[in-house]
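Asker: The file below is upload_1.cif, mmCIF, C-alpha atoms and all ligand atoms:
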data_upload
#
loop_
_atom_site.label_atom_id
_atom_site.label_comp_id
_atom_site.auth_asym_id
_atom_site.auth_seq_id
_atom_site.Cartn_x
_atom_site.Cartn_y
_atom_site.Cartn_z
CA MET C 1 28.03 9.91 -2.46
CA PRO C 2 26.14 6.93 -3.93
CA SER C 3 23.09 5.65 -2.03
CA LYS C 4 23.11 2.15 -0.47
CA ARG C 5 21.08 0.83 -3.37
CA GLU C 6 23.43 2.30 -5.98
CA LYS C 7 26.33 0.65 -4.19
CA SER C 8 24.65 -2.76 -4.17
CA ALA C 9 23.62 -2.36 -7.82
CA THR C 10 27.26 -1.97 -8.80
CA THR C 11 28.20 -5.23 -7.04
CA THR C 12 25.59 -7.47 -8.73
CA ARG C 13 26.80 -9.93 -11.35
CA PRO C 14 25.95 -8.97 -14.96
CA GLU C 15 23.48 -11.87 -15.30
CA ASP C 16 21.53 -10.58 -12.25
CA ALA C 17 21.61 -7.01 -13.48
CA VAL C 18 18.59 -4.91 -12.55
CA PRO C 19 18.20 -1.41 -13.90
CA SER C 20 20.42 0.79 -11.71
CA ARG C 21 19.07 3.92 -10.06
CA SER C 22 19.95 6.88 -12.22
CA THR C 23 20.07 10.34 -10.74
CA CYS C 24 16.70 11.02 -12.37
CA PRO C 25 13.90 9.00 -10.71
CA LYS C 26 11.71 9.39 -13.81
CA ASP C 27 14.37 7.80 -16.03
CA PHE C 28 14.83 4.94 -13.58
CA ILE C 29 11.07 4.39 -13.26
CA SER C 30 10.73 4.24 -17.03
CA THR C 31 12.90 1.08 -17.02
CA LEU C 32 10.62 -0.83 -14.61
CA PRO C 33 7.82 -3.29 -15.49
CA THR C 34 4.48 -1.57 -15.99
CA ARG C 35 0.92 -2.90 -16.09
CA GLU C 36 -2.13 -1.11 -17.45
CA GLY C 37 -5.65 -1.84 -16.29
CA TRP C 38 -6.31 0.17 -13.15
CA SER C 39 -7.00 3.91 -13.41
CA THR C 40 -3.27 4.64 -13.60
CA PRO C 41 -0.54 2.31 -14.80
CA LEU C 42 1.06 0.36 -11.97
CA ILE C 43 4.84 0.05 -11.85
CA GLN C 44 6.66 -2.80 -10.18
CA TYR C 45 9.54 -2.01 -7.89
CA ASN C 46 11.01 -4.40 -5.30
CA LYS C 47 8.22 -6.91 -6.10
CA TYR C 48 5.41 -4.45 -5.22
CA TRP C 49 3.17 -2.44 -7.56
CA HIS C 50 3.01 1.34 -7.21
CA ARG C 51 1.20 4.26 -8.79
CA PRO C 52 3.77 6.29 -10.82
CA HIS C 53 3.68 9.51 -8.78
CA VAL C 54 3.79 7.59 -5.48
CA LEU C 55 6.75 5.57 -6.72
CA GLU C 56 8.79 8.73 -7.19
CA GLU C 57 8.14 9.63 -3.56
CA THR C 58 8.75 6.02 -2.53
CA LEU C 59 12.27 6.17 -3.95
CA ARG C 60 12.84 9.35 -1.97
CA VAL C 61 11.53 7.64 1.17
CA GLN C 62 13.87 4.74 0.56
CA ASP C 63 16.84 7.09 0.31
CA THR C 64 16.02 9.48 3.11
CA PHE C 65 13.44 8.20 5.62
CA ARG C 66 14.88 7.27 8.99
CA PRO C 67 12.46 5.84 11.55
CA ARG C 68 12.86 7.09 15.10
CA ALA C 69 12.52 4.88 18.19
CA ASP C 70 9.45 6.81 19.37
CA ASP C 71 7.71 6.86 15.95
CA ILE C 72 4.35 5.19 15.66
CA ILE C 73 3.63 4.20 12.08
CA LEU C 74 0.16 3.16 10.93
CA VAL C 75 0.43 0.79 8.00
CA THR C 76 -2.33 -0.33 5.65
CA GLN C 77 -2.90 -1.28 2.09
CA PRO C 78 -5.24 1.17 0.37
CA LYS C 79 -8.94 0.64 1.24
CA CYS C 80 -8.23 -1.51 4.30
CA GLY C 81 -9.41 1.11 6.80
CA THR C 82 -6.60 3.70 6.82
CA THR C 83 -8.98 6.59 7.52
CA TRP C 84 -10.53 4.77 10.47
CA LEU C 85 -7.16 3.76 11.91
CA LYS C 86 -5.82 7.31 11.52
CA ALA C 87 -8.83 8.66 13.42
CA LEU C 88 -8.60 6.07 16.19
CA ALA C 89 -4.85 6.36 16.70
CA PHE C 90 -4.96 10.16 16.62
CA ALA C 91 -7.83 10.28 19.13
CA ILE C 92 -6.08 7.81 21.46
CA ALA C 93 -2.60 9.32 21.22
CA HIS C 94 -3.77 12.90 21.86
CA ARG C 95 -6.60 12.24 24.31
CA ALA C 96 -4.84 13.80 27.30
CA ARG C 97 -4.68 17.25 25.70
CA LEU C 98 -7.76 17.32 23.48
CA SER C 99 -11.37 17.63 24.54
CA PHE C 100 -14.03 15.58 22.76
CA ALA C 101 -16.25 18.69 22.61
CA ASP C 102 -14.04 20.61 20.18
CA HIS C 103 -11.85 17.80 18.91
CA PRO C 104 -9.81 18.32 15.70
CA LEU C 105 -11.60 15.29 14.22
CA LEU C 106 -14.81 17.34 14.21
CA THR C 107 -13.32 19.90 11.83
CA ARG C 108 -10.49 18.10 10.03
CA HIS C 109 -10.52 14.99 7.88
CA PRO C 110 -8.68 12.07 9.55
CA GLN C 111 -6.44 11.81 6.50
CA HIS C 112 -5.19 15.35 7.17
CA LEU C 113 -4.33 14.69 10.81
CA VAL C 114 -1.81 11.91 10.28
CA GLN C 115 0.88 12.38 7.65
CA PHE C 116 1.61 9.71 5.04
CA ILE C 117 5.37 9.19 4.75
CA GLU C 118 5.20 8.81 0.97
CA MET C 119 2.48 11.36 0.15
CA PRO C 120 3.28 14.82 1.56
CA ASP C 121 0.04 16.52 2.59
CA PRO C 122 0.15 20.34 2.34
CA HIS C 123 -2.50 20.53 5.10
CA ILE C 124 -0.04 19.05 7.58
CA LEU C 125 3.42 19.79 6.28
CA GLY C 126 3.06 23.00 4.29
CA HIS C 127 6.32 22.96 2.36
CA ALA C 128 8.17 21.01 5.04
CA HIS C 129 9.36 17.42 4.92
CA VAL C 130 8.25 14.57 7.17
CA ASP C 131 11.72 14.77 8.78
CA ALA C 132 10.77 18.21 10.07
CA LEU C 133 7.95 16.82 12.23
CA PRO C 134 8.79 16.82 15.95
CA SER C 135 8.97 13.61 17.99
CA PRO C 136 7.03 11.61 18.87
CA ARG C 137 5.67 11.30 15.33
CA LEU C 138 2.40 9.61 14.43
CA LEU C 139 2.82 8.68 10.76
CA ALA C 140 1.08 6.52 8.19
CA THR C 141 2.15 4.61 5.13
CA HIS C 142 0.97 2.11 2.54
CA LEU C 143 4.55 1.02 1.87
CA PRO C 144 6.04 -2.40 2.61
CA LEU C 145 8.62 -0.88 4.96
CA PHE C 146 10.43 -4.06 5.95
CA SER C 147 11.38 -4.94 2.39
CA LEU C 148 11.82 -1.34 1.28
CA LEU C 149 14.04 -0.31 4.20
CA PRO C 150 15.43 -3.56 5.63
CA HIS C 151 18.37 -1.89 7.36
CA GLU C 152 16.63 1.22 8.64
CA MET C 153 13.64 -0.74 9.99
CA SER C 154 15.67 -3.10 12.10
CA SER C 155 18.00 -2.67 15.01
CA GLY C 156 19.69 -5.35 17.16
CA ASP C 157 16.41 -6.19 18.88
CA GLY C 158 14.10 -5.99 15.86
CA CYS C 159 11.93 -3.22 14.47
CA ARG C 160 13.21 0.26 15.32
CA CYS C 161 9.82 1.89 15.87
CA ARG C 162 6.26 0.80 16.71
CA ILE C 163 3.94 -0.22 13.91
CA VAL C 164 0.19 -0.75 13.83
CA TYR C 165 -0.78 -2.81 10.80
CA LEU C 166 -4.40 -2.98 9.70
CA CYS C 167 -5.61 -5.38 7.04
CA ARG C 168 -8.99 -6.49 5.80
CA ASP C 169 -10.74 -9.32 3.98
CA PRO C 170 -9.17 -8.94 0.53
CA LYS C 171 -12.58 -9.35 -1.15
CA ASP C 172 -13.88 -6.25 0.64
CA ALA C 173 -10.62 -4.40 0.02
CA LEU C 174 -10.90 -5.14 -3.71
CA VAL C 175 -14.53 -4.06 -3.95
CA SER C 176 -13.75 -0.89 -1.99
CA ARG C 177 -10.84 -0.13 -4.35
CA TRP C 178 -12.98 -0.74 -7.41
CA HIS C 179 -15.59 1.75 -6.16
CA PHE C 180 -12.90 4.26 -5.21
CA GLU C 181 -11.36 4.22 -8.70
CA ARG C 182 -14.77 4.80 -10.24
CA LYS C 183 -15.51 7.69 -7.91
CA VAL C 184 -12.15 9.44 -7.83
CA ASP C 185 -10.76 8.69 -11.27
CA GLY C 186 -13.96 8.07 -13.22
CA HIS C 187 -12.46 4.71 -14.14
CA HIS C 188 -14.81 2.07 -15.52
CA MET C 189 -12.91 -1.19 -15.30
CA GLU C 190 -15.11 -4.28 -15.00
CA LEU C 191 -14.95 -5.93 -11.57
CA GLU C 192 -14.01 -9.25 -13.23
CA GLU C 193 -10.93 -7.60 -14.73
CA ALA C 194 -10.02 -5.99 -11.39
CA LEU C 195 -10.36 -9.38 -9.71
CA ALA C 196 -8.10 -11.06 -12.28
CA MET C 197 -5.38 -8.46 -11.75
CA PHE C 198 -5.75 -8.61 -7.97
CA CYS C 199 -5.40 -12.42 -8.06
CA GLU C 200 -2.21 -11.99 -10.08
CA GLY C 201 -0.91 -9.71 -7.34
CA VAL C 202 -1.24 -6.59 -9.49
CA SER C 203 -2.97 -4.03 -7.27
CA GLU C 204 -1.69 -0.82 -5.70
CA CYS C 205 0.85 -1.90 -3.03
CA GLY C 206 0.16 -5.52 -3.95
CA PRO C 207 0.66 -8.43 -4.05
CA PHE C 208 -1.91 -8.09 -1.25
CA TRP C 209 -0.72 -11.24 0.55
CA ASP C 210 2.99 -10.36 0.46
CA HIS C 211 2.28 -6.97 2.02
CA CYS C 212 0.29 -8.61 4.84
CA LEU C 213 2.89 -11.30 5.36
CA GLU C 214 5.85 -8.94 5.87
CA TYR C 215 4.03 -7.32 8.77
CA TRP C 216 2.41 -10.53 10.02
CA LYS C 217 5.81 -12.22 10.38
CA GLU C 218 7.27 -9.24 12.21
CA SER C 219 4.23 -9.08 14.51
CA LEU C 220 4.83 -12.71 15.49
CA ALA C 221 8.53 -12.12 16.08
CA ARG C 222 8.10 -8.74 17.84
CA PRO C 223 4.59 -8.37 19.23
CA ASP C 224 5.77 -5.45 21.35
CA LYS C 225 6.77 -3.61 18.16
CA VAL C 226 4.15 -4.63 15.59
CA LEU C 227 0.44 -4.82 16.37
CA PHE C 228 -1.45 -6.69 13.65
CA LEU C 229 -5.15 -5.81 13.40
CA LYS C 230 -8.01 -6.76 11.12
CA TYR C 231 -10.82 -4.42 10.07
CA GLU C 232 -13.39 -7.13 10.84
CA GLU C 233 -12.09 -7.55 14.39
CA ILE C 234 -12.29 -3.83 15.12
CA MET C 235 -15.80 -3.79 13.68
CA ALA C 236 -16.84 -6.75 15.86
CA ASP C 237 -15.68 -5.14 19.11
CA PRO C 238 -14.41 -1.59 18.65
CA VAL C 239 -14.05 -0.83 22.37
CA ARG C 240 -11.82 -3.85 22.85
CA ALA C 241 -9.74 -2.82 19.82
CA VAL C 242 -9.39 0.72 21.14
CA ARG C 243 -8.16 -0.60 24.50
CA GLU C 244 -5.66 -2.86 22.73
CA LEU C 245 -4.44 0.02 20.59
CA ALA C 246 -4.04 2.33 23.60
CA ALA C 247 -2.07 -0.30 25.49
CA PHE C 248 0.16 -0.95 22.47
CA LEU C 249 0.81 2.77 22.08
CA GLY C 250 2.06 2.78 25.66
CA ALA C 251 -0.90 4.72 27.07
CA PRO C 252 -3.48 2.23 28.39
CA PHE C 253 -6.74 3.72 29.65
CA SER C 254 -6.62 4.48 33.35
CA GLU C 255 -9.35 3.31 35.72
CA GLU C 256 -10.63 6.85 35.82
CA GLU C 257 -10.79 7.00 32.00
CA GLU C 258 -12.55 3.65 31.93
CA SER C 259 -15.13 4.71 34.48
CA SER C 260 -15.79 7.98 32.66
CA GLY C 261 -16.28 6.11 29.38
CA VAL C 262 -13.29 7.44 27.41
CA PRO C 263 -12.80 4.26 25.29
CA ARG C 264 -16.46 4.45 24.21
CA GLU C 265 -16.08 8.16 23.45
CA VAL C 266 -13.11 7.41 21.18
CA VAL C 267 -15.12 4.73 19.36
CA ARG C 268 -18.08 7.07 18.95
CA LEU C 269 -15.98 10.00 17.71
CA CYS C 270 -14.24 7.81 15.10
CA SER C 271 -17.28 5.85 14.01
CA PHE C 272 -18.37 5.82 10.40
CA GLU C 273 -21.68 7.45 11.43
CA THR C 274 -20.03 10.34 13.30
CA LEU C 275 -17.36 11.02 10.69
CA THR C 276 -19.67 10.87 7.67
CA GLY C 277 -22.09 13.26 9.41
CA LEU C 278 -19.46 16.01 9.65
CA PRO C 279 -19.36 18.75 6.97
CA VAL C 280 -15.56 18.52 6.70
CA ASN C 281 -15.84 14.92 5.50
CA GLN C 282 -18.58 15.69 3.00
CA ALA C 283 -16.88 18.46 0.98
CA GLY C 284 -13.42 19.69 0.02
CA GLY C 285 -10.35 17.60 -0.54
CA VAL C 286 -6.60 17.68 -0.95
CA ASP C 287 -4.63 18.63 -4.01
CA HIS C 288 -1.58 16.36 -4.03
CA GLY C 289 -0.20 18.07 -7.13
CA HIS C 290 -0.62 14.99 -9.30
CA PHE C 291 -4.18 14.28 -8.28
CA TYR C 292 -7.09 15.71 -6.31
CA MET C 293 -8.59 13.58 -3.56
CA PRO C 294 -12.10 14.55 -2.40
CA ASN C 295 -12.59 14.12 1.38
CA SER C 296 -15.82 12.19 0.88
CA ALA C 297 -14.08 9.52 -1.24
CA PHE C 298 -12.71 7.84 1.88
CA PHE C 299 -16.15 6.92 3.15
CA ARG C 300 -18.52 4.60 1.34
CA LYS C 301 -20.35 1.90 3.33
CA GLY C 302 -18.03 1.09 6.20
CA VAL C 303 -19.26 -2.48 6.67
CA THR C 304 -17.84 -5.99 6.42
CA GLY C 305 -18.87 -8.44 3.72
CA ASP C 306 -20.11 -5.92 1.14
CA TRP C 307 -18.16 -7.89 -1.51
CA ALA C 308 -21.13 -10.29 -1.69
CA ASN C 309 -23.28 -7.48 -3.12
CA HIS C 310 -20.89 -7.06 -6.04
CA MET C 311 -19.16 -10.37 -6.70
CA SER C 312 -20.63 -13.76 -7.43
CA ARG C 313 -19.90 -16.60 -5.00
CA GLU C 314 -17.53 -18.08 -7.60
CA MET C 315 -15.56 -14.83 -7.84
CA GLY C 316 -15.27 -14.70 -4.05
CA GLU C 317 -14.12 -18.31 -3.91
CA LYS C 318 -11.51 -17.70 -6.60
CA LEU C 319 -9.92 -14.90 -4.59
CA ASP C 320 -10.20 -16.84 -1.33
CA LEU C 321 -8.40 -19.78 -2.92
CA VAL C 322 -5.52 -17.64 -4.22
CA VAL C 323 -5.11 -15.91 -0.86
CA ARG C 324 -5.33 -19.17 1.10
CA GLU C 325 -2.58 -20.70 -1.03
CA LYS C 326 -0.34 -17.67 -0.70
CA LEU C 327 -0.78 -17.51 3.09
CA GLN C 328 -0.45 -21.25 3.62
CA GLY C 329 1.67 -22.15 6.61
CA SER C 330 1.88 -18.59 7.88
CA GLY C 331 -0.91 -18.84 10.46
CA LEU C 332 -2.60 -15.82 8.88
CA SER C 333 -6.05 -16.26 7.35
CA PHE C 334 -9.08 -14.18 6.37
P1 LIG S 1 -15.87 0.62 1.95
O1 LIG S 1 -15.53 1.12 0.59
O2 LIG S 1 -15.95 -0.88 2.02
O3 LIG S 1 -17.06 1.28 2.56
P2 LIG S 1 -9.13 3.58 3.41
O4 LIG S 1 -9.36 4.57 4.51
O5 LIG S 1 -7.97 2.68 3.65
O6 LIG S 1 -9.10 4.25 2.08
O7 LIG S 1 -10.37 2.57 3.43
C1 LIG S 1 -11.63 3.03 3.05
C2 LIG S 1 -12.65 2.03 3.54
O8 LIG S 1 -12.82 2.20 4.97
C3 LIG S 1 -14.01 2.27 2.93
O9 LIG S 1 -14.63 1.00 2.92
C4 LIG S 1 -14.64 3.22 3.95
O10 LIG S 1 -16.04 3.29 3.88
C5 LIG S 1 -14.16 2.57 5.25
N1 LIG S 1 -14.16 3.51 6.38
C6 LIG S 1 -13.78 4.80 6.39
N2 LIG S 1 -13.96 5.32 7.61
C7 LIG S 1 -14.45 4.34 8.40
C8 LIG S 1 -14.86 4.28 9.77
N3 LIG S 1 -14.79 5.34 10.56
N4 LIG S 1 -15.34 3.11 10.23
C9 LIG S 1 -15.42 2.02 9.44
N5 LIG S 1 -15.06 2.03 8.13
C10 LIG S 1 -14.58 3.17 7.61
#
What is this file in structure tokens?
Ligand code: A3P

Answerer:
Amino acid sequence: MPSKREKSATTTRPEDAVPSRSTCPKDFISTLPTREGWSTPLIQYNKYWHRPHVLEETLRVQDTFRPRADDIILVTQPKCGTTWLKALAFAIAHRARLSFADHPLLTRHPQHLVQFIEMPDPHILGHAHVDALPSPRLLATHLPLFSLLPHEMSSGDGCRCRIVYLCRDPKDALVSRWHFERKVDGHHMELEEALAMFCEGVSECGPFWDHCLEYWKESLARPDKVLFLKYEEIMADPVRAVRELAAFLGAPFSEEEESSGVPREVVRLCSFETLTGLPVNQAGGVDHGHFYMPNSAFFRKGVTGDWANHMSREMGEKLDLVVREKLQGSGLSF
């Protein structure tokens, strides 16, 4: 039985022809536009740029992933605060049954507590599939779900599940990515070159602005379904952000929780200082088959505005200008 995409590929006019999905994802991927520069080539599919091994999984997600009404999906672009959001959402969602004294976040890396849809984590899933997880699922993704799964993500009244989207000043996201590639992949690209590619839209999961905009627009149309957050806003008032997140997840803090300081406890447990002080986040890592990800790589400085220590003012202004133009008229700004 052909997939939806195969069906639509057969109905396009010859002049619009895009490479059709073959039964072998590797063959199909080899027909797509590729750009070198970052530590791995990036491959363009559906407008967005993907790492090769993640793209294979992405195609599988597109064919098989079905959101459930009670799913909560945490969405970020890489280096926008995924680890922090995973910790916060996990701590909030499970606070009724977990004690802060022996909390899983004290012994497990936040990345291994919330499953990425497109990157199976053996620590969470073993050999199982994300479909095998029981409801309600707390999941994460870097994927642009609304353009990747337009039918599955929408029902008559909008988005089928609840989404928390976290973004960040693109200058900080870029600098964080640049450091990450150097640390994890030993990649020594100049920051100027990384900036040029980022401004062209060529970054993992980029164009950065298009990714933000898909979720921004949905958050305006369906604020009950998509909560749009910024790293800088959480940093400025984490307790307020934690309250907002709890309310959005359908479990606002009770008066009793407020008076016993639970929101502050969540903030403290998930803070950069607490998490980086834990042995589990200083050593070890996950073998994803194609690559090894050290646990410590997800923590660097954990501040806002660090871009200014790495980029000149002109470089910052160049990126700001590109992003401002791309977001013009949307109401979203950084
Ligand atoms: P920096 O490189 O700017 O320090 P991701 O989790 O999406 O990969 O993002 C990583 C970025 O989030 C890194 O930014 C990292 O230091 C920061 N980060 C990780 N945990 C954090 C936390 N608990 N609080 C604030 N920032 C955090």

Asker: Can you measure atom CA of C:Thr304 to atom P2 of ligand LIG 1 (chain S) for me? One decimal in Å is fine.

Answerer: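 Value for the atom CA of C:Thr304-atom P2 of ligand LIG 1 (chain S) distance: 13.3 Å.
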
Asker: Between C:Asn309, C:Thr276, C:Ser203, C:Ser154, which is the closest to C:Arg35 once you count all atoms listed in the file?

Answerer: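 Using all atoms listed in the file, C:Arg35 sits closest to C:Ser203.
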
Asker: Would you tabulate, counting all atoms listed in the file, all residues of chain C that have an atom at most 9 Å from an atom of ligand LIG 1 (chain S), showing the closest pair of atoms and their distance in Å to one decimal, sorted by chain then ascending number, as a tab-separated table?

Answerer:
residue	atom	partner	partner_atom	distance
C:Thr76	CA	S:LIG1	O5	6.7
C:Gln77	CA	S:LIG1	O5	6.6
C:Pro78	CA	S:LIG1	O5	4.5
C:Lys79	CA	S:LIG1	O7	3.3
C:Cys80	CA	S:LIG1	O5	4.2
C:Gly81	CA	S:LIG1	O7	3.8
C:Thr82	CA	S:LIG1	O5	3.6
C:Thr83	CA	S:LIG1	O4	3.6
C:Trp84	CA	S:LIG1	N3	4.3
C:Leu85	CA	S:LIG1	O4	7.8
C:Lys86	CA	S:LIG1	O4	8.3
C:Ala87	CA	S:LIG1	N3	7.4
C:Leu88	CA	S:LIG1	N3	8.4
C:Pro110	CA	S:LIG1	N2	8.8
C:Gln111	CA	S:LIG1	O4	8.1
C:Asp172	CA	S:LIG1	O2	5.9
C:Ala173	CA	S:LIG1	O2	6.7
C:Leu174	CA	S:LIG1	O2	8.7
C:Val175	CA	S:LIG1	O2	6.9
C:Ser176	CA	S:LIG1	O1	3.7
C:Arg177	CA	S:LIG1	O1	6.9
C:Trp178	CA	S:LIG1	O1	8.6
C:His179	CA	S:LIG1	O1	6.8
C:Phe180	CA	S:LIG1	O1	7.1
C:Tyr231	CA	S:LIG1	C9	7.9
C:Ile234	CA	S:LIG1	C9	8.7
C:Met235	CA	S:LIG1	C9	7.2
C:Val267	CA	S:LIG1	N3	8.8
C:Leu269	CA	S:LIG1	N3	8.6
C:Cys270	CA	S:LIG1	N3	5.2
C:Ser271	CA	S:LIG1	N3	4.3
C:Phe272	CA	S:LIG1	N3	3.6
C:Glu273	CA	S:LIG1	N3	7.3
C:Thr274	CA	S:LIG1	N3	7.7
C:Leu275	CA	S:LIG1	N3	6.2
C:Thr276	CA	S:LIG1	N3	7.9
C:Ala297	CA	S:LIG1	O6	8.0
C:Phe298	CA	S:LIG1	C1	5.1
C:Phe299	CA	S:LIG1	O10	3.7
C:Arg300	CA	S:LIG1	O10	3.8
C:Lys301	CA	S:LIG1	O3	3.4
C:Gly302	CA	S:LIG1	N5	3.7
C:Val303	CA	S:LIG1	O2	5.9
C:Thr304	CA	S:LIG1	O2	7.0
C:Gly305	CA	S:LIG1	O2	8.3
C:Asp306	CA	S:LIG1	O2	6.6
C:Trp307	CA	S:LIG1	O2	8.2

Asker: Write the residues you've just listed into a file as a short mmCIF file (atom, residue, chain, number, x, y, z; two decimals), keeping the file's coordinate frame, and include C-alpha atoms for each of them.

Answerer:
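File written: again38.cif
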data_model
loop_
_atom_site.label_atom_id
_atom_site.label_comp_id
_atom_site.auth_asym_id
_atom_site.auth_seq_id
_atom_site.Cartn_x
_atom_site.Cartn_y
_atom_site.Cartn_z
CA THR C 76 -2.33 -0.33 5.65
CA GLN C 77 -2.90 -1.28 2.09
CA PRO C 78 -5.24 1.17 0.37
CA LYS C 79 -8.94 0.64 1.24
CA CYS C 80 -8.23 -1.51 4.30
CA GLY C 81 -9.41 1.11 6.80
CA THR C 82 -6.60 3.70 6.82
CA THR C 83 -8.98 6.59 7.52
CA TRP C 84 -10.53 4.77 10.47
CA LEU C 85 -7.16 3.76 11.91
CA LYS C 86 -5.82 7.31 11.52
CA ALA C 87 -8.83 8.66 13.42
CA LEU C 88 -8.60 6.07 16.19
CA PRO C 110 -8.68 12.07 9.55
CA GLN C 111 -6.44 11.81 6.50
CA ASP C 172 -13.88 -6.25 0.64
CA ALA C 173 -10.62 -4.40 0.02
CA LEU C 174 -10.90 -5.14 -3.71
CA VAL C 175 -14.53 -4.06 -3.95
CA SER C 176 -13.75 -0.89 -1.99
CA ARG C 177 -10.84 -0.13 -4.35
CA TRP C 178 -12.98 -0.74 -7.41
CA HIS C 179 -15.59 1.75 -6.16
CA PHE C 180 -12.90 4.26 -5.21
CA TYR C 231 -10.82 -4.42 10.07
CA ILE C 234 -12.29 -3.83 15.12
CA MET C 235 -15.80 -3.79 13.68
CA VAL C 267 -15.12 4.73 19.36
CA LEU C 269 -15.98 10.00 17.71
CA CYS C 270 -14.24 7.81 15.10
CA SER C 271 -17.28 5.85 14.01
CA PHE C 272 -18.37 5.82 10.40
CA GLU C 273 -21.68 7.45 11.43
CA THR C 274 -20.03 10.34 13.30
CA LEU C 275 -17.36 11.02 10.69
CA THR C 276 -19.67 10.87 7.67
CA ALA C 297 -14.08 9.52 -1.24
CA PHE C 298 -12.71 7.84 1.88
CA PHE C 299 -16.15 6.92 3.15
CA ARG C 300 -18.52 4.60 1.34
CA LYS C 301 -20.35 1.90 3.33
CA GLY C 302 -18.03 1.09 6.20
CA VAL C 303 -19.26 -2.48 6.67
CA THR C 304 -17.84 -5.99 6.42
CA GLY C 305 -18.87 -8.44 3.72
CA ASP C 306 -20.11 -5.92 1.14
CA TRP C 307 -18.16 -7.89 -1.51
#

Asker: Identify which of the residues C:Glu265, C:Glu218, C:Phe228, C:Val184 lies closest to C:Pro294, counting only C-alpha atoms when measuring atom-to-atom distances.

Answerer: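 So, comparing all the options, the nearest one is C:Val184.
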
Asker: For C:Val114, list every protein, DNA or RNA residue within 7 Å, evaluated using all atoms listed in the file, and leave out those in the same chain fewer than 6 positions away; present the list as a PyMOL selection string.

Answerer: chain C and resi 86+138-140

Asker: Using only C-alpha atoms, which of the listed residues (C:Val54, C:Glu193, C:Arg108, C:Asp63) sits closest to C:Gly284?

Answerer: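 Answer, going by the shortest atom-to-atom distance: C:Arg108.
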
Asker: Got a sec: who's within 10 Å of C:Phe116, counting only C-alpha atoms, leaving out chain neighbours fewer than 4 positions off, as a ChimeraX atom specification?

Answerer: /C:73-75,111-112,120-121,124,130,138-143
